[in-house]
file coords_29.cif (mmCIF, N, CA and C atoms)
data_start
#
loop_
_atom_site.label_atom_id
_atom_site.label_comp_id
_atom_site.auth_asym_id
_atom_site.auth_seq_id
_atom_site.Cartn_x
_atom_site.Cartn_y
_atom_site.Cartn_z
N MET A 187 -12.73 -26.22 -11.05
CA MET A 187 -12.04 -25.59 -9.95
C MET A 187 -11.44 -24.28 -10.45
N SER A 188 -11.62 -23.23 -9.69
CA SER A 188 -11.09 -21.94 -10.10
C SER A 188 -9.59 -21.88 -9.84
N GLU A 189 -8.92 -20.93 -10.48
CA GLU A 189 -7.48 -20.82 -10.31
C GLU A 189 -7.12 -20.32 -8.92
N HIS A 190 -8.10 -19.80 -8.17
CA HIS A 190 -7.83 -19.29 -6.83
C HIS A 190 -7.95 -20.37 -5.77
N SER A 191 -8.38 -21.57 -6.14
CA SER A 191 -8.55 -22.62 -5.16
C SER A 191 -7.76 -23.86 -5.56
N ARG A 192 -6.49 -23.68 -5.85
CA ARG A 192 -5.65 -24.79 -6.27
C ARG A 192 -5.24 -25.62 -5.07
N ASN A 193 -5.33 -26.93 -5.24
CA ASN A 193 -4.90 -27.85 -4.19
C ASN A 193 -3.83 -28.80 -4.71
N ASP A 194 -3.23 -28.51 -5.86
CA ASP A 194 -2.26 -29.43 -6.45
C ASP A 194 -0.83 -29.16 -5.98
N GLY A 195 -0.65 -28.30 -5.00
CA GLY A 195 0.67 -28.03 -4.49
C GLY A 195 1.44 -27.00 -5.30
N GLY A 196 0.88 -26.55 -6.42
CA GLY A 196 1.54 -25.54 -7.24
C GLY A 196 1.45 -24.18 -6.59
N PRO A 197 2.20 -23.26 -7.13
CA PRO A 197 2.17 -21.91 -6.53
C PRO A 197 0.81 -21.27 -6.70
N ALA A 198 0.41 -20.54 -5.70
CA ALA A 198 -0.86 -19.81 -5.77
C ALA A 198 -0.72 -18.67 -6.75
N PRO A 199 -1.78 -18.31 -7.42
CA PRO A 199 -1.69 -17.18 -8.35
C PRO A 199 -1.35 -15.91 -7.59
N SER A 200 -0.50 -15.10 -8.19
CA SER A 200 -0.11 -13.86 -7.53
C SER A 200 -1.03 -12.73 -7.98
N ARG A 201 -1.07 -11.70 -7.19
CA ARG A 201 -1.85 -10.52 -7.54
C ARG A 201 -1.02 -9.30 -7.21
N SER A 202 -1.34 -8.24 -7.87
CA SER A 202 -0.59 -7.01 -7.69
C SER A 202 -1.33 -6.11 -6.71
N ILE A 203 -0.60 -5.57 -5.77
CA ILE A 203 -1.17 -4.63 -4.81
C ILE A 203 -1.10 -3.24 -5.44
N ASP A 204 -2.22 -2.52 -5.43
CA ASP A 204 -2.24 -1.18 -5.99
C ASP A 204 -3.22 -0.34 -5.19
N THR A 205 -2.75 0.77 -4.64
CA THR A 205 -3.62 1.62 -3.83
C THR A 205 -4.61 2.42 -4.66
N SER A 206 -4.52 2.36 -5.99
CA SER A 206 -5.51 3.06 -6.81
C SER A 206 -6.88 2.42 -6.69
N ASN A 207 -6.95 1.22 -6.11
CA ASN A 207 -8.25 0.58 -5.86
C ASN A 207 -9.09 1.38 -4.87
N ARG A 208 -8.46 2.28 -4.12
CA ARG A 208 -9.21 3.12 -3.19
C ARG A 208 -10.19 4.03 -3.92
N ARG A 209 -9.93 4.29 -5.18
CA ARG A 209 -10.83 5.16 -5.94
C ARG A 209 -12.19 4.51 -6.17
N ILE A 210 -12.25 3.18 -6.12
CA ILE A 210 -13.52 2.47 -6.21
C ILE A 210 -14.37 2.83 -4.98
N ALA A 211 -13.74 2.81 -3.81
CA ALA A 211 -14.44 3.21 -2.58
C ALA A 211 -14.84 4.68 -2.64
N ALA A 212 -13.98 5.51 -3.23
CA ALA A 212 -14.28 6.94 -3.34
C ALA A 212 -15.55 7.15 -4.16
N VAL A 213 -15.69 6.42 -5.25
CA VAL A 213 -16.89 6.54 -6.08
C VAL A 213 -18.12 6.08 -5.29
N ALA A 214 -18.00 5.01 -4.52
CA ALA A 214 -19.12 4.53 -3.72
C ALA A 214 -19.53 5.57 -2.68
N TYR A 215 -18.55 6.18 -2.00
CA TYR A 215 -18.85 7.23 -1.02
C TYR A 215 -19.51 8.43 -1.69
N LEU A 216 -19.05 8.79 -2.87
CA LEU A 216 -19.61 9.92 -3.59
C LEU A 216 -21.06 9.65 -4.00
N ILE A 217 -21.32 8.45 -4.49
CA ILE A 217 -22.69 8.07 -4.86
C ILE A 217 -23.60 8.10 -3.63
N ALA A 218 -23.11 7.57 -2.49
CA ALA A 218 -23.90 7.58 -1.26
C ALA A 218 -24.17 9.01 -0.80
N ALA A 219 -23.18 9.89 -0.93
CA ALA A 219 -23.37 11.29 -0.52
C ALA A 219 -24.40 11.97 -1.41
N LEU A 220 -24.32 11.74 -2.71
CA LEU A 220 -25.29 12.35 -3.63
C LEU A 220 -26.69 11.80 -3.39
N ALA A 221 -26.79 10.50 -3.13
CA ALA A 221 -28.10 9.91 -2.83
C ALA A 221 -28.66 10.48 -1.54
N GLY A 222 -27.80 10.62 -0.53
CA GLY A 222 -28.26 11.20 0.74
C GLY A 222 -28.71 12.64 0.58
N ALA A 223 -27.98 13.41 -0.22
CA ALA A 223 -28.37 14.80 -0.46
C ALA A 223 -29.69 14.86 -1.22
N GLY A 224 -29.86 13.95 -2.17
CA GLY A 224 -31.11 13.91 -2.92
C GLY A 224 -32.30 13.56 -2.05
N VAL A 225 -32.15 12.56 -1.22
CA VAL A 225 -33.24 12.15 -0.31
C VAL A 225 -33.54 13.26 0.69
N ALA A 226 -32.50 13.88 1.23
CA ALA A 226 -32.70 14.96 2.20
C ALA A 226 -33.39 16.15 1.55
N GLY A 227 -33.00 16.47 0.33
CA GLY A 227 -33.65 17.58 -0.38
C GLY A 227 -35.10 17.27 -0.69
N TRP A 228 -35.37 16.04 -1.10
CA TRP A 228 -36.74 15.63 -1.42
C TRP A 228 -37.62 15.62 -0.18
N ALA A 229 -37.05 15.22 0.96
CA ALA A 229 -37.82 15.13 2.20
C ALA A 229 -37.88 16.45 2.95
N GLY A 230 -37.16 17.47 2.48
CA GLY A 230 -37.17 18.78 3.14
C GLY A 230 -36.56 18.74 4.52
N MET A 231 -35.41 18.13 4.68
CA MET A 231 -34.79 17.94 5.99
C MET A 231 -33.99 19.16 6.46
N GLY A 232 -33.88 20.19 5.67
CA GLY A 232 -33.12 21.36 6.10
C GLY A 232 -31.64 21.06 6.17
N LEU A 233 -30.99 21.56 7.20
CA LEU A 233 -29.54 21.39 7.33
C LEU A 233 -29.14 20.05 7.96
N MET A 234 -30.12 19.26 8.39
CA MET A 234 -29.82 17.97 9.02
C MET A 234 -29.05 17.05 8.08
N TRP A 235 -29.23 17.17 6.79
CA TRP A 235 -28.58 16.29 5.82
C TRP A 235 -27.06 16.46 5.81
N LEU A 236 -26.58 17.62 6.29
CA LEU A 236 -25.14 17.86 6.31
C LEU A 236 -24.40 16.85 7.19
N THR A 237 -25.07 16.35 8.24
CA THR A 237 -24.40 15.41 9.15
C THR A 237 -24.11 14.07 8.47
N ALA A 238 -24.82 13.75 7.41
CA ALA A 238 -24.57 12.49 6.70
C ALA A 238 -23.76 12.73 5.42
N VAL A 239 -24.07 13.80 4.72
CA VAL A 239 -23.47 14.02 3.41
C VAL A 239 -22.03 14.53 3.51
N LEU A 240 -21.74 15.46 4.38
CA LEU A 240 -20.39 16.01 4.47
C LEU A 240 -19.33 14.98 4.86
N PRO A 241 -19.60 14.10 5.85
CA PRO A 241 -18.58 13.07 6.13
C PRO A 241 -18.36 12.13 4.93
N LEU A 242 -19.41 11.79 4.22
CA LEU A 242 -19.25 10.93 3.04
C LEU A 242 -18.45 11.63 1.96
N LEU A 243 -18.70 12.93 1.77
CA LEU A 243 -17.91 13.69 0.80
C LEU A 243 -16.45 13.77 1.22
N GLY A 244 -16.21 13.95 2.52
CA GLY A 244 -14.84 13.97 3.03
C GLY A 244 -14.12 12.65 2.79
N LEU A 245 -14.81 11.54 3.03
CA LEU A 245 -14.21 10.24 2.76
C LEU A 245 -13.93 10.04 1.28
N ALA A 246 -14.84 10.48 0.44
CA ALA A 246 -14.65 10.36 -1.01
C ALA A 246 -13.42 11.15 -1.46
N ILE A 247 -13.29 12.37 -0.97
CA ILE A 247 -12.13 13.20 -1.34
C ILE A 247 -10.84 12.56 -0.85
N TYR A 248 -10.84 12.07 0.39
CA TYR A 248 -9.64 11.43 0.94
C TYR A 248 -9.24 10.22 0.10
N HIS A 249 -10.20 9.38 -0.26
CA HIS A 249 -9.88 8.18 -1.03
C HIS A 249 -9.42 8.53 -2.45
N PHE A 250 -9.96 9.59 -3.03
CA PHE A 250 -9.45 10.02 -4.34
C PHE A 250 -7.99 10.48 -4.24
N ILE A 251 -7.66 11.21 -3.17
CA ILE A 251 -6.28 11.69 -2.99
C ILE A 251 -5.34 10.52 -2.69
N ALA A 252 -5.75 9.62 -1.80
CA ALA A 252 -4.89 8.51 -1.39
C ALA A 252 -4.85 7.38 -2.41
N GLY A 253 -5.73 7.39 -3.37
CA GLY A 253 -5.81 6.30 -4.34
C GLY A 253 -4.97 6.52 -5.57
N ARG A 254 -3.68 6.68 -5.38
CA ARG A 254 -2.77 6.89 -6.51
C ARG A 254 -2.22 5.56 -6.99
N HIS A 255 -1.93 5.50 -8.28
CA HIS A 255 -1.40 4.27 -8.88
C HIS A 255 0.03 4.03 -8.43
N MET A 256 0.29 2.84 -7.90
CA MET A 256 1.64 2.49 -7.47
C MET A 256 2.44 2.02 -8.69
N ARG A 257 3.59 2.62 -8.89
CA ARG A 257 4.44 2.27 -10.02
C ARG A 257 5.49 1.23 -9.65
N THR A 258 5.61 0.90 -8.37
CA THR A 258 6.62 -0.04 -7.91
C THR A 258 5.93 -1.23 -7.24
N SER A 259 6.18 -2.43 -7.76
CA SER A 259 5.62 -3.64 -7.16
C SER A 259 6.52 -4.11 -6.02
N ASP A 260 6.07 -5.12 -5.30
CA ASP A 260 6.88 -5.65 -4.21
C ASP A 260 8.19 -6.25 -4.72
N MET A 261 8.15 -6.95 -5.83
CA MET A 261 9.37 -7.54 -6.37
C MET A 261 10.34 -6.48 -6.88
N GLU A 262 9.81 -5.41 -7.47
CA GLU A 262 10.68 -4.30 -7.90
C GLU A 262 11.30 -3.62 -6.68
N ALA A 263 10.53 -3.48 -5.60
CA ALA A 263 11.06 -2.87 -4.38
C ALA A 263 12.19 -3.71 -3.80
N ILE A 264 12.05 -5.04 -3.86
CA ILE A 264 13.11 -5.91 -3.36
C ILE A 264 14.37 -5.76 -4.20
N THR A 265 14.20 -5.65 -5.51
CA THR A 265 15.35 -5.46 -6.40
C THR A 265 16.04 -4.12 -6.11
N ILE A 266 15.26 -3.07 -5.94
CA ILE A 266 15.82 -1.74 -5.63
C ILE A 266 16.53 -1.77 -4.29
N ALA A 267 15.92 -2.41 -3.29
CA ALA A 267 16.52 -2.49 -1.96
C ALA A 267 17.79 -3.32 -1.98
N SER A 268 17.82 -4.37 -2.79
CA SER A 268 19.03 -5.20 -2.88
C SER A 268 20.20 -4.39 -3.42
N ALA A 269 19.93 -3.50 -4.35
CA ALA A 269 20.99 -2.65 -4.89
C ALA A 269 21.42 -1.59 -3.88
N ALA A 270 20.53 -1.17 -3.00
CA ALA A 270 20.85 -0.13 -2.02
C ALA A 270 21.52 -0.68 -0.77
N ALA A 271 21.39 -1.97 -0.51
CA ALA A 271 22.00 -2.56 0.70
C ALA A 271 23.52 -2.59 0.54
N PRO A 272 24.25 -2.40 1.64
CA PRO A 272 25.71 -2.36 1.56
C PRO A 272 26.35 -3.75 1.55
N PHE A 273 25.60 -4.79 1.25
CA PHE A 273 26.11 -6.15 1.18
C PHE A 273 25.33 -6.92 0.12
N ASP A 274 25.82 -8.09 -0.24
CA ASP A 274 25.10 -8.94 -1.19
C ASP A 274 23.90 -9.54 -0.47
N VAL A 275 22.71 -9.37 -1.05
CA VAL A 275 21.48 -9.80 -0.41
C VAL A 275 21.18 -11.25 -0.80
N GLY A 276 20.85 -12.03 0.22
CA GLY A 276 20.45 -13.41 -0.01
C GLY A 276 18.93 -13.54 0.00
N HIS A 277 18.33 -13.29 1.15
CA HIS A 277 16.88 -13.37 1.31
C HIS A 277 16.33 -11.98 1.62
N ALA A 278 15.13 -11.71 1.12
CA ALA A 278 14.49 -10.43 1.40
C ALA A 278 12.98 -10.60 1.31
N SER A 279 12.27 -9.75 2.02
CA SER A 279 10.81 -9.73 1.94
C SER A 279 10.35 -8.29 2.03
N ALA A 280 9.18 -8.02 1.45
CA ALA A 280 8.65 -6.65 1.42
C ALA A 280 7.25 -6.61 2.00
N THR A 281 6.98 -5.58 2.78
CA THR A 281 5.63 -5.32 3.27
C THR A 281 5.27 -3.89 2.90
N LEU A 282 3.99 -3.65 2.73
CA LEU A 282 3.52 -2.33 2.34
C LEU A 282 3.07 -1.56 3.56
N GLY A 283 3.59 -0.35 3.69
CA GLY A 283 3.18 0.56 4.75
C GLY A 283 2.76 1.88 4.13
N PHE A 284 2.34 2.80 4.96
CA PHE A 284 1.87 4.09 4.47
C PHE A 284 2.48 5.20 5.30
N ARG A 285 2.74 6.35 4.65
CA ARG A 285 3.38 7.48 5.32
C ARG A 285 2.54 8.73 5.10
N GLY A 286 2.32 9.47 6.16
CA GLY A 286 1.66 10.77 6.07
C GLY A 286 0.14 10.70 6.00
N LEU A 287 -0.48 11.89 6.02
CA LEU A 287 -1.94 11.97 5.98
C LEU A 287 -2.53 11.50 4.66
N ALA A 288 -1.78 11.66 3.58
CA ALA A 288 -2.26 11.22 2.27
C ALA A 288 -1.99 9.74 2.02
N ALA A 289 -1.49 9.04 3.04
CA ALA A 289 -1.24 7.60 2.98
C ALA A 289 -0.38 7.22 1.77
N ARG A 290 0.78 7.86 1.66
CA ARG A 290 1.71 7.56 0.56
C ARG A 290 2.25 6.14 0.76
N PRO A 291 2.12 5.26 -0.24
CA PRO A 291 2.58 3.88 -0.08
C PRO A 291 4.10 3.79 -0.05
N VAL A 292 4.62 3.01 0.91
CA VAL A 292 6.05 2.82 1.08
C VAL A 292 6.30 1.33 1.31
N TRP A 293 7.18 0.75 0.49
CA TRP A 293 7.58 -0.64 0.69
C TRP A 293 8.67 -0.68 1.75
N GLN A 294 8.53 -1.58 2.71
CA GLN A 294 9.52 -1.79 3.75
C GLN A 294 10.15 -3.15 3.47
N VAL A 295 11.41 -3.13 3.04
CA VAL A 295 12.09 -4.36 2.62
C VAL A 295 13.10 -4.76 3.69
N LEU A 296 12.94 -5.97 4.20
CA LEU A 296 13.90 -6.54 5.14
C LEU A 296 14.79 -7.48 4.35
N ALA A 297 16.09 -7.18 4.32
CA ALA A 297 17.04 -7.95 3.52
C ALA A 297 18.13 -8.53 4.41
N PHE A 298 18.52 -9.77 4.13
CA PHE A 298 19.58 -10.44 4.86
C PHE A 298 20.76 -10.69 3.94
N GLU A 299 21.95 -10.63 4.51
CA GLU A 299 23.17 -10.87 3.76
C GLU A 299 23.19 -12.31 3.26
N SER A 300 23.73 -12.50 2.06
CA SER A 300 23.79 -13.85 1.50
C SER A 300 24.81 -14.67 2.26
N GLY A 301 24.65 -15.97 2.21
CA GLY A 301 25.55 -16.89 2.90
C GLY A 301 24.76 -17.80 3.80
N GLY A 302 25.45 -18.73 4.43
CA GLY A 302 24.79 -19.71 5.29
C GLY A 302 24.09 -19.06 6.47
N ALA A 303 24.84 -18.34 7.27
CA ALA A 303 24.28 -17.61 8.41
C ALA A 303 24.57 -16.13 8.18
N PRO A 304 23.55 -15.35 7.88
CA PRO A 304 23.81 -13.94 7.55
C PRO A 304 24.39 -13.19 8.74
N GLU A 305 25.39 -12.36 8.44
CA GLU A 305 26.02 -11.55 9.48
C GLU A 305 25.40 -10.16 9.59
N HIS A 306 24.69 -9.72 8.52
CA HIS A 306 24.08 -8.39 8.52
C HIS A 306 22.66 -8.47 7.97
N GLN A 307 21.87 -7.51 8.41
CA GLN A 307 20.53 -7.34 7.87
C GLN A 307 20.28 -5.85 7.66
N ALA A 308 19.37 -5.55 6.74
CA ALA A 308 19.07 -4.15 6.45
C ALA A 308 17.57 -3.98 6.28
N LEU A 309 17.09 -2.84 6.72
CA LEU A 309 15.72 -2.42 6.45
C LEU A 309 15.81 -1.26 5.48
N VAL A 310 15.26 -1.44 4.29
CA VAL A 310 15.30 -0.42 3.25
C VAL A 310 13.87 -0.03 2.92
N THR A 311 13.58 1.26 2.94
CA THR A 311 12.24 1.73 2.57
C THR A 311 12.30 2.30 1.16
N VAL A 312 11.31 1.90 0.36
CA VAL A 312 11.24 2.29 -1.05
C VAL A 312 9.88 2.91 -1.30
N ASP A 313 9.87 4.12 -1.87
CA ASP A 313 8.63 4.81 -2.19
C ASP A 313 7.86 4.01 -3.23
N GLY A 314 6.60 3.71 -2.95
CA GLY A 314 5.78 2.91 -3.85
C GLY A 314 5.35 3.64 -5.11
N LEU A 315 5.41 4.98 -5.09
CA LEU A 315 4.99 5.75 -6.26
C LEU A 315 6.15 6.03 -7.21
N THR A 316 7.33 6.30 -6.64
CA THR A 316 8.47 6.70 -7.48
C THR A 316 9.55 5.64 -7.59
N GLY A 317 9.60 4.70 -6.65
CA GLY A 317 10.66 3.70 -6.65
C GLY A 317 11.96 4.18 -6.04
N GLU A 318 11.96 5.35 -5.42
CA GLU A 318 13.17 5.90 -4.80
C GLU A 318 13.38 5.29 -3.42
N VAL A 319 14.63 5.08 -3.05
CA VAL A 319 14.97 4.62 -1.71
C VAL A 319 14.80 5.82 -0.76
N THR A 320 13.97 5.66 0.26
CA THR A 320 13.73 6.76 1.20
C THR A 320 14.45 6.58 2.52
N GLY A 321 15.04 5.41 2.74
CA GLY A 321 15.80 5.20 3.97
C GLY A 321 16.44 3.83 3.99
N THR A 322 17.56 3.74 4.72
CA THR A 322 18.27 2.48 4.87
C THR A 322 18.81 2.39 6.29
N TYR A 323 18.58 1.25 6.92
CA TYR A 323 19.12 0.99 8.25
C TYR A 323 19.76 -0.39 8.21
N THR A 324 21.03 -0.46 8.60
CA THR A 324 21.76 -1.73 8.57
C THR A 324 22.28 -2.05 9.96
N GLU A 325 22.25 -3.32 10.33
CA GLU A 325 22.81 -3.74 11.60
C GLU A 325 23.34 -5.17 11.50
N ALA A 326 24.21 -5.52 12.42
CA ALA A 326 24.75 -6.87 12.48
C ALA A 326 23.71 -7.79 13.08
N VAL A 327 23.68 -9.01 12.58
CA VAL A 327 22.78 -10.02 13.13
C VAL A 327 23.51 -10.70 14.28
N PRO A 328 22.96 -10.67 15.48
CA PRO A 328 23.65 -11.30 16.61
C PRO A 328 23.67 -12.83 16.43
N LEU A 329 24.83 -13.41 16.61
CA LEU A 329 24.96 -14.85 16.49
C LEU A 329 24.59 -15.50 17.81
N PRO A 330 23.92 -16.65 17.75
CA PRO A 330 23.50 -17.32 19.02
C PRO A 330 24.67 -17.91 19.77
#
call {"tool": "encode", "arguments": {"input": "coords_29.cif", "output": "structure tokens"}}
result
Amino acid sequence: MSEHSRNDGGPAPSRSIDTSNRRIAAVAYLIAALAGAGVAGWAGMGLMWLTAVLPLLGLAIYHFIAGRHMRTSDMEAITIASAAAPFDVGHASATLGFRGLAARPVWQVLAFESGGAPEHQALVTVDGLTGEVTGTYTEAVPLP
């Protein structure tokens, strides 16, 4: 049985999210563009090859730009957000989002105040490349 198919109730193996994996796709797009240009040149297709090769080159360039190594993991983002929250954090979770045309990775951390029934919650955004806090929003949790 592989470690990815555990049924013994133990914790599932964790993996690290990293947007630098986009560079694998960039290489594939680049190879496809070069192959398309080669076939078009060999077949004498004239300018028709531009309709296939240029979009593939554009995708390759975009993925190279957007495929930067993330220096901040989800657990590090939660630690950074816990320090930035204006209260003691009990529970928190992080999701990965992206900002701007270059798809800059940003961790969005939802943190709740420690205690039985939290009175406050905060949304803290942490830059995935630098680990800097880029925003904080805090509000009271309405009691039922």
call {"tool": "axis_aligned_box", "arguments": {"input": "coords_29.cif", "around": "region 222-238 of chain A", "padding_each_side": "3 Å", "output": "JSON"}}
result
{"center_x": -30.8, "center_y": 16.1, "center_z": 3.1, "size_x": 20.1, "size_y": 16.9, "size_z": 18.1}
call {"tool": "residues_around", "arguments": {"input": "coords_29.cif", "residues": "Pro304 (chain A)", "least_positions_apart": "5", "cutoff": "6.5 Å", "atoms": "only N, CA and C atoms", "output": "list in words"}}
result
Phe298, Glu299 and Val327 of chain A
call {"tool": "closest_residue", "arguments": {"input": "coords_29.cif", "among": "A:His277, A:Arg208, A:His306, A:Arg254", "to": "Thr324 (chain A)", "atoms": "only C-alpha atoms"}}
result
A:His306
call {"tool": "residues_around", "arguments": {"input": "coords_29.cif", "residues": "Ile251 (chain A)", "least_positions_apart": "2", "cutoff": "8 Å", "atoms": "all atoms listed in the file", "output": "number ranges by chain"}}
result
A: 208-209, 212, 245-249, 253-254, 287-290
call {"tool": "atom_distance", "arguments": {"input": "coords_29.cif", "atom1": "CA of Asp313 (chain A)", "atom2": "CA of Arg257 (chain A)"}}
result
9.2 Å
call {"tool": "closest_residue", "arguments": {"input": "coords_29.cif", "among": "A:Pro291, A:Pro328, A:Gly302, A:Gly317", "to": "Glu262 (chain A)", "atoms": "only N, CA and C atoms"}}
result
A:Gly317
call {"tool": "residues_near_point", "arguments": {"input": "coords_29.cif", "point": "(0.1, 1.3, -8.6)", "cutoff": "6.5 Å", "atoms": "only N, CA and C atoms", "output": "number ranges by chain"}}
result
A: 203-206, 254-258
call {"tool": "residues_around", "arguments": {"input": "coords_29.cif", "residues": "Ile264 (chain A)", "least_positions_apart": "4", "cutoff": "8 Å", "atoms": "only N, CA and C atoms", "output": "PyMOL selection string"}}
result
chain A and resi 258-260+268-270+278-280+293-296+312
call {"tool": "resolve_selection", "arguments": {"input": "coords_29.cif", "expression": "the PyMOL selection byres ((chain A and resi 271) around 8)", "output": "ChimeraX atom specification"}}
result
/A:266-270,272-275,297,307-310,322,324
call {"tool": "atom_distance", "arguments": {"input": "coords_29.cif", "atom1": "CA of Ala211 (chain A)", "atom2": "CA of Ala238 (chain A)"}}
result
16.6 Å
call {"tool": "select_by_dssp", "arguments": {"input": "coords_29.cif", "residues": "chain A", "states": "helix (DSSP H, G or I)", "output": "ChimeraX atom specification"}}
result
/A:205-229,232-252,260-270
call {"tool": "closest_residue", "arguments": {"input": "coords_29.cif", "among": "A:Ser300, A:Asn207, A:Thr265, A:Thr281", "to": "Ala252 (chain A)", "atoms": "only N, CA and C atoms"}}
result
A:Asn207
call {"tool": "atom_distance", "arguments": {"input": "coords_29.cif", "atom1": "CA of Gly222 (chain A)", "atom2": "atom C of Gly244 (chain A)"}}
result
14.4 Å
call {"tool": "build_atoms", "arguments": {"input": "coords_29.cif", "residues": "region 293-305 of chain A", "atoms": "N, CA, C and O atoms", "output": "short mmCIF file (atom, residue, chain, number, x, y, z; two decimals), keeping the file's coordinate frame"}}
result
data_model
loop_
_atom_site.label_atom_id
_atom_site.label_comp_id
_atom_site.auth_asym_id
_atom_site.auth_seq_id
_atom_site.Cartn_x
_atom_site.Cartn_y
_atom_site.Cartn_z
N TRP A 293 7.18 0.75 0.49
CA TRP A 293 7.58 -0.64 0.69
C TRP A 293 8.67 -0.68 1.75
O TRP A 293 9.63 0.08 1.69
N GLN A 294 8.53 -1.58 2.71
CA GLN A 294 9.52 -1.79 3.75
C GLN A 294 10.15 -3.15 3.47
O GLN A 294 9.49 -4.18 3.63
N VAL A 295 11.41 -3.13 3.04
CA VAL A 295 12.09 -4.36 2.62
C VAL A 295 13.10 -4.76 3.69
O VAL A 295 13.98 -3.98 4.04
N LEU A 296 12.94 -5.97 4.20
CA LEU A 296 13.90 -6.54 5.14
C LEU A 296 14.79 -7.48 4.35
O LEU A 296 14.31 -8.44 3.75
N ALA A 297 16.09 -7.18 4.32
CA ALA A 297 17.04 -7.95 3.52
C ALA A 297 18.13 -8.53 4.41
O ALA A 297 18.61 -7.85 5.33
N PHE A 298 18.52 -9.77 4.13
CA PHE A 298 19.58 -10.44 4.86
C PHE A 298 20.76 -10.69 3.94
O PHE A 298 20.59 -10.97 2.76
N GLU A 299 21.95 -10.63 4.51
CA GLU A 299 23.17 -10.87 3.76
C GLU A 299 23.19 -12.31 3.26
O GLU A 299 22.70 -13.23 3.93
N SER A 300 23.73 -12.50 2.06
CA SER A 300 23.79 -13.85 1.50
C SER A 300 24.81 -14.67 2.26
O SER A 300 25.73 -14.15 2.89
N GLY A 301 24.65 -15.97 2.21
CA GLY A 301 25.55 -16.89 2.90
C GLY A 301 24.76 -17.80 3.80
O GLY A 301 23.53 -17.68 3.94
N GLY A 302 25.45 -18.73 4.43
CA GLY A 302 24.79 -19.71 5.29
C GLY A 302 24.09 -19.06 6.47
O GLY A 302 22.89 -19.21 6.66
N ALA A 303 24.84 -18.34 7.27
CA ALA A 303 24.28 -17.61 8.41
C ALA A 303 24.57 -16.13 8.18
O ALA A 303 25.72 -15.70 8.26
N PRO A 304 23.55 -15.35 7.88
CA PRO A 304 23.81 -13.94 7.55
C PRO A 304 24.39 -13.19 8.74
O PRO A 304 23.97 -13.37 9.87
N GLU A 305 25.39 -12.36 8.44
CA GLU A 305 26.02 -11.55 9.48
C GLU A 305 25.40 -10.16 9.59
O GLU A 305 25.57 -9.48 10.59
#
